[in-house]
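Down below is the structure, laid out as structure tokens.
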Amino acid sequence: MVSCAIIGATGLVGSTFLKVLEEKKLEIDEYYLFASARSKGKKVTFMNKEYTIEELTEETPKRKFTYALFSAGSSISDKYAKEFNRYGTIVIDNSSRFRMDENVPLIVPEVNIKEAYGKLLIANPNCSTIQAVVALKPLHTQYKIRRIIYSTYQAVSGAGINGINDLIETSLGNEPKKFPYKIYNNCIPHIDVFLYNGYTKEEEKMINETRKILNDETIDITATCVRVPIFNSHAESINVEFKNEFDIDNLKQLLAKSPGIALVDDTKNNIYPLNTFATNKDDVFVGRVRKDFSLKNSINMWVVADNVRKGAASNAVQILEKLIYQKDTASI
Ligand code: A2P
């Protein structure tokens, strides 16, 4: 009997776990949905069945689920993830709590799924990092990245339901509750908290997580992360310098045939990735791929993905899918 617990099932990412699981129909016999005491008893329709939300308590880990997907914030992961492990449950954690723990693999299936096999605790990366590394991995393998400059344009859904509400409310003239300023009509160059060095934690996450997932501490990376008044799907301008020379047409072909990427790059016809097009899809959309003529061996590209799906829920469910079917995919 294969079971799966969803921790934070009422949240934006948690409810998207349910949506993606419904689409994928994995070989899981039983699901159990958990949230806080506030949601206890709430009914949710999932897989054509009515489920009752249970309260996550200290007794819950003892129920020995086969798998658990966590998206209830870092403090809940901190308190519960290893407790679930203690009773044999494999945890895929969407919070940032264990991402940089050297004993915990940080997984994007298109990049490094093999590191997840046999592990009890697996971390799901930050949304902006996931879409970037899907695009960067084939390029790094082929041309060896020397340096990356990230500039992000991040949707309000990355801040959960409260972020979405802030865009709606501030567009009506009301005061913000989630962001430090009105997000309507503004780009706010401030995501997560500021650190001692002038960077934000979001920028630090992108830098550190990219190196960990690409398994290369030598890559120089800098980042500016910006919240923009867009409901869903993050866009990123990524400038990459390679150690090796490349032919731009070959580089585009490589992107087009790599897993998880849809190349949308036909500027003659004004075709390039857009937020509204990426929303509700799991691919990472890449376009505006061109040489950076200011520096040898370098390119610019525009990378867009649904931050709630590929940037969080779908990536976690894809990891779960690979774990379930790993015997069949042992040759990946
Ligand atoms: P609840 O809806 O009962 O508050 P989001 O990231 O969209 O804010 O969602 C956070 C998720 O984490 C929600 O499902 C929320 O449940 C859940 N959560 C928050 N605090 C706890 C807690 N103490 N125990 C279990 N789940 C929690």
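Residues in the structure tokens are numbered from 1 in each chain, the chains being A, B, ... in the order shown, and ligands are numbered from 1 in the order shown.
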
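By only C-alpha atoms, and with residues fewer than 6 positions from Val228 in chain A along its chain excluded, the set lying at most 12 Å from it is Ser151, Thr152, Tyr153, Gln154, Ala155, Val156, Ser157, Gly158, Ala159, Gly163, Ile164, Asp166, Leu167, Phe179, Tyr181, Lys182, Ile183, Tyr184, Asn185, Asn186, Cys187, Ile188, Pro189, His190, Ile191, His234, Ala235, Glu236 and Asn275 of chain A.
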
Please produce, as CSV, a per-residue contact table for range 17-57 of chain A versus range 73-83 of chain A (criterion: any atom at most 12 Å away, only C-alpha atoms considered), showing the nearest atom pair and its distance in Å to one decimal, sorted by chain then residue number.
residue,atom,partner,partner_atom,distance
A:Phe34,CA,A:Ile76,CA,11.7
A:Ala35,CA,A:Ile76,CA,10.3
A:Ser36,CA,A:Ile76,CA,10.0
A:Leu56,CA,A:Tyr80,CA,9.2
A:Thr57,CA,A:Tyr80,CA,9.0

Any chance you could tabulate, as a Markdown table, the residues of chain A at most 7 Å from ligand 1 with each one's nearest atom pair and distance in Å to one decimal, using only C-alpha atoms and all ligand atoms, in chain and rising number order?
| residue | atom | partner | partner_atom_place_in_ligand_line | distance |
| --- | --- | --- | --- | --- |
| A:Ile7 | CA | ligand 1 | 26 (N) | 6.3 |
| A:Gly8 | CA | ligand 1 | 14 (O) | 3.2 |
| A:Ala9 | CA | ligand 1 | 14 (O) | 4.7 |
| A:Thr10 | CA | ligand 1 | 14 (O) | 3.7 |
| A:Gly11 | CA | ligand 1 | 9 (O) | 3.3 |
| A:Leu12 | CA | ligand 1 | 7 (O) | 4.0 |
| A:Val13 | CA | ligand 1 | 7 (O) | 6.1 |
| A:Gly14 | CA | ligand 1 | 14 (O) | 6.1 |
| A:Phe34 | CA | ligand 1 | 25 (C) | 6.5 |
| A:Ala35 | CA | ligand 1 | 26 (N) | 3.6 |
| A:Ser36 | CA | ligand 1 | 25 (C) | 3.6 |
| A:Ala37 | CA | ligand 1 | 3 (O) | 6.0 |
| A:Arg38 | CA | ligand 1 | 3 (O) | 4.7 |
| A:Ser39 | CA | ligand 1 | 3 (O) | 4.2 |
| A:Glu55 | CA | ligand 1 | 25 (C) | 6.5 |
| A:Leu56 | CA | ligand 1 | 25 (C) | 5.0 |
| A:Ser71 | CA | ligand 1 | 12 (O) | 6.0 |
| A:Ala72 | CA | ligand 1 | 12 (O) | 3.2 |
| A:Gly73 | CA | ligand 1 | 12 (O) | 6.1 |
| A:Ile76 | CA | ligand 1 | 22 (C) | 6.3 |
| A:Gly160 | CA | ligand 1 | 7 (O) | 4.6 |
| A:Ile161 | CA | ligand 1 | 7 (O) | 5.4 |

Inset, instruction - Rank nothing, just name the residue among A:Ile168, A:Ile107, A:Val44, A:Leu255 nearest to Met301 in chain A, using only C-alpha atoms. - result: A:Leu255

Out of range 95-207 of chain A, which residues get strand (DSSP E or B) from DSSP, as an mmCIF file with all heavy atoms, in the first residue's frame?
data_model
loop_
_atom_site.group_PDB
_atom_site.id
_atom_site.type_symbol
_atom_site.label_atom_id
_atom_site.label_comp_id
_atom_site.auth_asym_id
_atom_site.auth_seq_id
_atom_site.Cartn_x
_atom_site.Cartn_y
_atom_site.Cartn_z
ATOM 1 N N LEU A 106 19.296 18.653 -3.379
ATOM 2 C CA LEU A 106 18.442 19.748 -3.850
ATOM 3 C C LEU A 106 18.159 19.424 -5.317
ATOM 4 O O LEU A 106 19.066 19.473 -6.153
ATOM 5 C CB LEU A 106 19.217 21.059 -3.691
ATOM 6 C CG LEU A 106 18.494 22.355 -4.014
ATOM 7 C CD1 LEU A 106 17.291 22.555 -3.104
ATOM 8 C CD2 LEU A 106 19.453 23.539 -3.853
ATOM 9 N N LEU A 121 15.141 12.467 2.796
ATOM 10 C CA LEU A 121 14.746 13.884 2.786
ATOM 11 C C LEU A 121 15.313 14.537 1.523
ATOM 12 O O LEU A 121 16.523 14.442 1.262
ATOM 13 C CB LEU A 121 15.278 14.580 4.049
ATOM 14 C CG LEU A 121 14.964 16.065 4.219
ATOM 15 C CD1 LEU A 121 13.472 16.348 4.117
ATOM 16 C CD2 LEU A 121 15.481 16.554 5.583
ATOM 17 N N ILE A 122 14.423 15.151 0.753
ATOM 18 C CA ILE A 122 14.796 15.771 -0.523
ATOM 19 C C ILE A 122 14.256 17.199 -0.516
ATOM 20 O O ILE A 122 13.092 17.425 -0.181
ATOM 21 C CB ILE A 122 14.174 14.977 -1.696
ATOM 22 C CG1 ILE A 122 14.773 13.557 -1.728
ATOM 23 C CG2 ILE A 122 14.391 15.684 -3.036
ATOM 24 C CD1 ILE A 122 13.902 12.556 -2.431
ATOM 25 N N ALA A 123 15.082 18.163 -0.903
ATOM 26 C CA ALA A 123 14.637 19.552 -0.918
ATOM 27 C C ALA A 123 14.247 19.978 -2.328
ATOM 28 O O ALA A 123 14.906 19.602 -3.311
ATOM 29 C CB ALA A 123 15.733 20.463 -0.378
ATOM 30 N N ILE A 145 29.942 26.869 -17.911
ATOM 31 C CA ILE A 145 29.624 28.248 -17.500
ATOM 32 C C ILE A 145 30.740 28.814 -16.611
ATOM 33 O O ILE A 145 31.190 28.157 -15.673
ATOM 34 C CB ILE A 145 28.283 28.276 -16.749
ATOM 35 C CG1 ILE A 145 27.140 27.842 -17.680
ATOM 36 C CG2 ILE A 145 28.010 29.676 -16.185
ATOM 37 C CD1 ILE A 145 25.794 27.669 -17.001
ATOM 38 N N ARG A 146 31.142 30.039 -16.935
ATOM 39 C CA ARG A 146 32.113 30.744 -16.082
ATOM 40 C C ARG A 146 31.384 31.702 -15.117
ATOM 41 O O ARG A 146 31.694 31.767 -13.951
ATOM 42 C CB ARG A 146 33.084 31.549 -16.956
ATOM 43 C CG ARG A 146 34.244 32.182 -16.161
ATOM 44 C CD ARG A 146 34.982 33.250 -16.975
ATOM 45 N NE ARG A 146 35.548 32.743 -18.206
ATOM 46 C CZ ARG A 146 36.704 32.063 -18.285
ATOM 47 N NH1 ARG A 146 37.396 31.812 -17.204
ATOM 48 N NH2 ARG A 146 37.136 31.636 -19.457
ATOM 49 N N ARG A 147 30.379 32.429 -15.668
ATOM 50 C CA ARG A 147 29.706 33.446 -14.854
ATOM 51 C C ARG A 147 28.240 33.611 -15.272
ATOM 52 O O ARG A 147 27.922 33.479 -16.464
ATOM 53 C CB ARG A 147 30.418 34.786 -15.026
ATOM 54 C CG ARG A 147 29.804 35.911 -14.214
ATOM 55 C CD ARG A 147 30.583 37.212 -14.354
ATOM 56 N NE ARG A 147 30.048 38.195 -13.428
ATOM 57 C CZ ARG A 147 29.725 39.435 -13.736
ATOM 58 N NH1 ARG A 147 29.894 39.889 -14.971
ATOM 59 N NH2 ARG A 147 29.252 40.254 -12.826
ATOM 60 N N ILE A 148 27.375 33.881 -14.300
ATOM 61 C CA ILE A 148 25.950 34.122 -14.577
ATOM 62 C C ILE A 148 25.536 35.455 -13.951
ATOM 63 O O ILE A 148 25.901 35.743 -12.810
ATOM 64 C CB ILE A 148 25.061 33.021 -13.939
ATOM 65 C CG1 ILE A 148 25.442 31.626 -14.455
ATOM 66 C CG2 ILE A 148 23.580 33.299 -14.200
ATOM 67 C CD1 ILE A 148 24.859 30.491 -13.611
ATOM 68 N N ILE A 149 24.748 36.259 -14.717
ATOM 69 C CA ILE A 149 24.107 37.453 -14.145
ATOM 70 C C ILE A 149 22.601 37.247 -14.258
ATOM 71 O O ILE A 149 22.054 37.186 -15.363
ATOM 72 C CB ILE A 149 24.506 38.746 -14.890
ATOM 73 C CG1 ILE A 149 26.029 38.908 -14.926
ATOM 74 C CG2 ILE A 149 23.839 39.963 -14.232
ATOM 75 C CD1 ILE A 149 26.509 40.055 -15.816
ATOM 76 N N TYR A 150 21.943 37.120 -13.098
ATOM 77 C CA TYR A 150 20.492 36.964 -13.074
ATOM 78 C C TYR A 150 19.817 38.316 -12.824
ATOM 79 O O TYR A 150 20.196 39.042 -11.893
ATOM 80 C CB TYR A 150 20.058 36.084 -11.903
ATOM 81 C CG TYR A 150 20.339 34.603 -11.992
ATOM 82 C CD1 TYR A 150 20.950 33.944 -10.922
ATOM 83 C CD2 TYR A 150 19.943 33.851 -13.085
ATOM 84 C CE1 TYR A 150 21.173 32.571 -10.951
ATOM 85 C CE2 TYR A 150 20.167 32.480 -13.133
ATOM 86 C CZ TYR A 150 20.783 31.848 -12.055
ATOM 87 O OH TYR A 150 20.993 30.493 -12.083
ATOM 88 N N SER A 151 18.780 38.625 -13.611
ATOM 89 C CA SER A 151 17.877 39.742 -13.293
ATOM 90 C C SER A 151 16.473 39.169 -13.381
ATOM 91 O O SER A 151 16.056 38.723 -14.460
ATOM 92 C CB SER A 151 18.029 40.883 -14.300
ATOM 93 O OG SER A 151 19.389 41.255 -14.399
ATOM 94 N N THR A 152 15.756 39.134 -12.263
ATOM 95 C CA THR A 152 14.448 38.463 -12.281
ATOM 96 C C THR A 152 13.296 39.455 -12.244
ATOM 97 O O THR A 152 13.423 40.574 -11.730
ATOM 98 C CB THR A 152 14.288 37.493 -11.083
ATOM 99 O OG1 THR A 152 14.119 38.252 -9.889
ATOM 100 C CG2 THR A 152 15.473 36.565 -10.947
ATOM 101 N N TYR A 153 12.173 39.005 -12.767
ATOM 102 C CA TYR A 153 10.918 39.767 -12.795
ATOM 103 C C TYR A 153 9.870 38.815 -12.236
ATOM 104 O O TYR A 153 9.282 38.024 -12.970
ATOM 105 C CB TYR A 153 10.567 40.153 -14.239
ATOM 106 C CG TYR A 153 11.644 40.920 -14.979
ATOM 107 C CD1 TYR A 153 12.858 40.325 -15.329
ATOM 108 C CD2 TYR A 153 11.448 42.244 -15.355
ATOM 109 C CE1 TYR A 153 13.844 41.031 -16.008
ATOM 110 C CE2 TYR A 153 12.421 42.952 -16.037
ATOM 111 C CZ TYR A 153 13.619 42.335 -16.357
ATOM 112 O OH TYR A 153 14.579 43.032 -17.038
ATOM 113 N N GLN A 154 9.676 38.852 -10.897
ATOM 114 C CA GLN A 154 8.956 37.775 -10.233
ATOM 115 C C GLN A 154 7.504 38.133 -9.894
ATOM 116 O O GLN A 154 7.218 39.206 -9.363
ATOM 117 C CB GLN A 154 9.711 37.365 -8.963
ATOM 118 C CG GLN A 154 11.084 36.807 -9.295
ATOM 119 C CD GLN A 154 11.872 36.301 -8.095
ATOM 120 O OE1 GLN A 154 13.071 36.515 -8.031
ATOM 121 N NE2 GLN A 154 11.239 35.625 -7.160
ATOM 122 N N ILE A 188 9.344 46.223 -7.377
ATOM 123 C CA ILE A 188 9.970 46.369 -6.055
ATOM 124 C C ILE A 188 11.247 45.516 -6.004
ATOM 125 O O ILE A 188 11.161 44.275 -6.046
ATOM 126 C CB ILE A 188 8.987 45.951 -4.936
ATOM 127 C CG1 ILE A 188 7.675 46.766 -5.044
ATOM 128 C CG2 ILE A 188 9.622 46.118 -3.570
ATOM 129 C CD1 ILE A 188 6.611 46.393 -4.028
ATOM 130 N N PHE A 194 16.734 41.725 3.545
ATOM 131 C CA PHE A 194 18.076 42.175 3.173
ATOM 132 C C PHE A 194 19.125 41.549 4.079
ATOM 133 O O PHE A 194 18.891 41.370 5.285
ATOM 134 C CB PHE A 194 18.168 43.712 3.247
ATOM 135 C CG PHE A 194 17.599 44.373 2.021
ATOM 136 C CD1 PHE A 194 16.358 44.990 2.056
ATOM 137 C CD2 PHE A 194 18.304 44.357 0.819
ATOM 138 C CE1 PHE A 194 15.821 45.579 0.909
ATOM 139 C CE2 PHE A 194 17.776 44.944 -0.324
ATOM 140 C CZ PHE A 194 16.531 45.554 -0.284
ATOM 141 N N THR A 200 19.607 40.560 -1.192
ATOM 142 C CA THR A 200 18.462 39.998 -0.465
ATOM 143 C C THR A 200 18.664 38.493 -0.342
ATOM 144 O O THR A 200 19.456 37.885 -1.078
ATOM 145 C CB THR A 200 17.143 40.249 -1.208
ATOM 146 O OG1 THR A 200 17.226 39.622 -2.505
ATOM 147 C CG2 THR A 200 16.853 41.742 -1.343
#

Legend entry - alpha helix (DSSP H) call set, DSSP backbone run, range 61-240 of chain A, as a PyMOL selection string: chain A and resi 74-86+109-112+127-143+160-171+201-213

Inset, instruction - Find the residues around Ile113 in chain A up to 9 Å (only C-alpha atoms counted), leave out those fewer than 3 positions away in its own chain, and share them as a ChimeraX atom specification. - result: /A:107-110,116-117,319,322-323,332

Spatial neighbours of Asp29 in chain A, 8 Å, only C-alpha atoms, chain gap at least 3 places, as a short mmCIF file (atom, residue, chain, number, x, y, z; two decimals) with all heavy atoms, in the first residue's frame:
data_model
loop_
_atom_site.label_atom_id
_atom_site.label_comp_id
_atom_site.auth_asym_id
_atom_site.auth_seq_id
_atom_site.Cartn_x
_atom_site.Cartn_y
_atom_site.Cartn_z
N MET A 1 0.85 -1.19 0.00
CA MET A 1 0.00 0.00 0.00
C MET A 1 0.89 1.25 0.00
O MET A 1 1.68 1.43 0.92
CB MET A 1 -0.88 -0.05 1.25
CG MET A 1 -1.98 0.97 1.28
SD MET A 1 -3.25 0.71 0.03
CE MET A 1 -4.34 -0.43 0.87
N VAL A 2 0.77 2.06 -1.04
CA VAL A 2 1.60 3.28 -1.13
C VAL A 2 0.74 4.47 -0.69
O VAL A 2 -0.34 4.70 -1.23
CB VAL A 2 2.11 3.50 -2.57
CG1 VAL A 2 2.95 4.77 -2.65
CG2 VAL A 2 2.89 2.30 -3.05
N SER A 3 1.25 5.23 0.29
CA SER A 3 0.47 6.37 0.79
C SER A 3 1.28 7.66 0.65
O SER A 3 2.51 7.63 0.60
CB SER A 3 0.08 6.15 2.25
OG SER A 3 1.24 6.04 3.03
#

Inset, instruction - Compile the contact shell of Lys296 in chain A as JSON, numbers by chain: residues with an atom at most 10 Å away, counting only C-alpha atoms, same-chain residues fewer than 2 positions apart removed. - result: {"A": [241, 242, 243, 244, 245, 291, 292, 293, 294, 298, 299]}

Inset, instruction - Record the distance separating CA of Ser233 in chain A and CA of Asn307 in chain A, expressed in Å with one decimal. - result: 5.0 Å
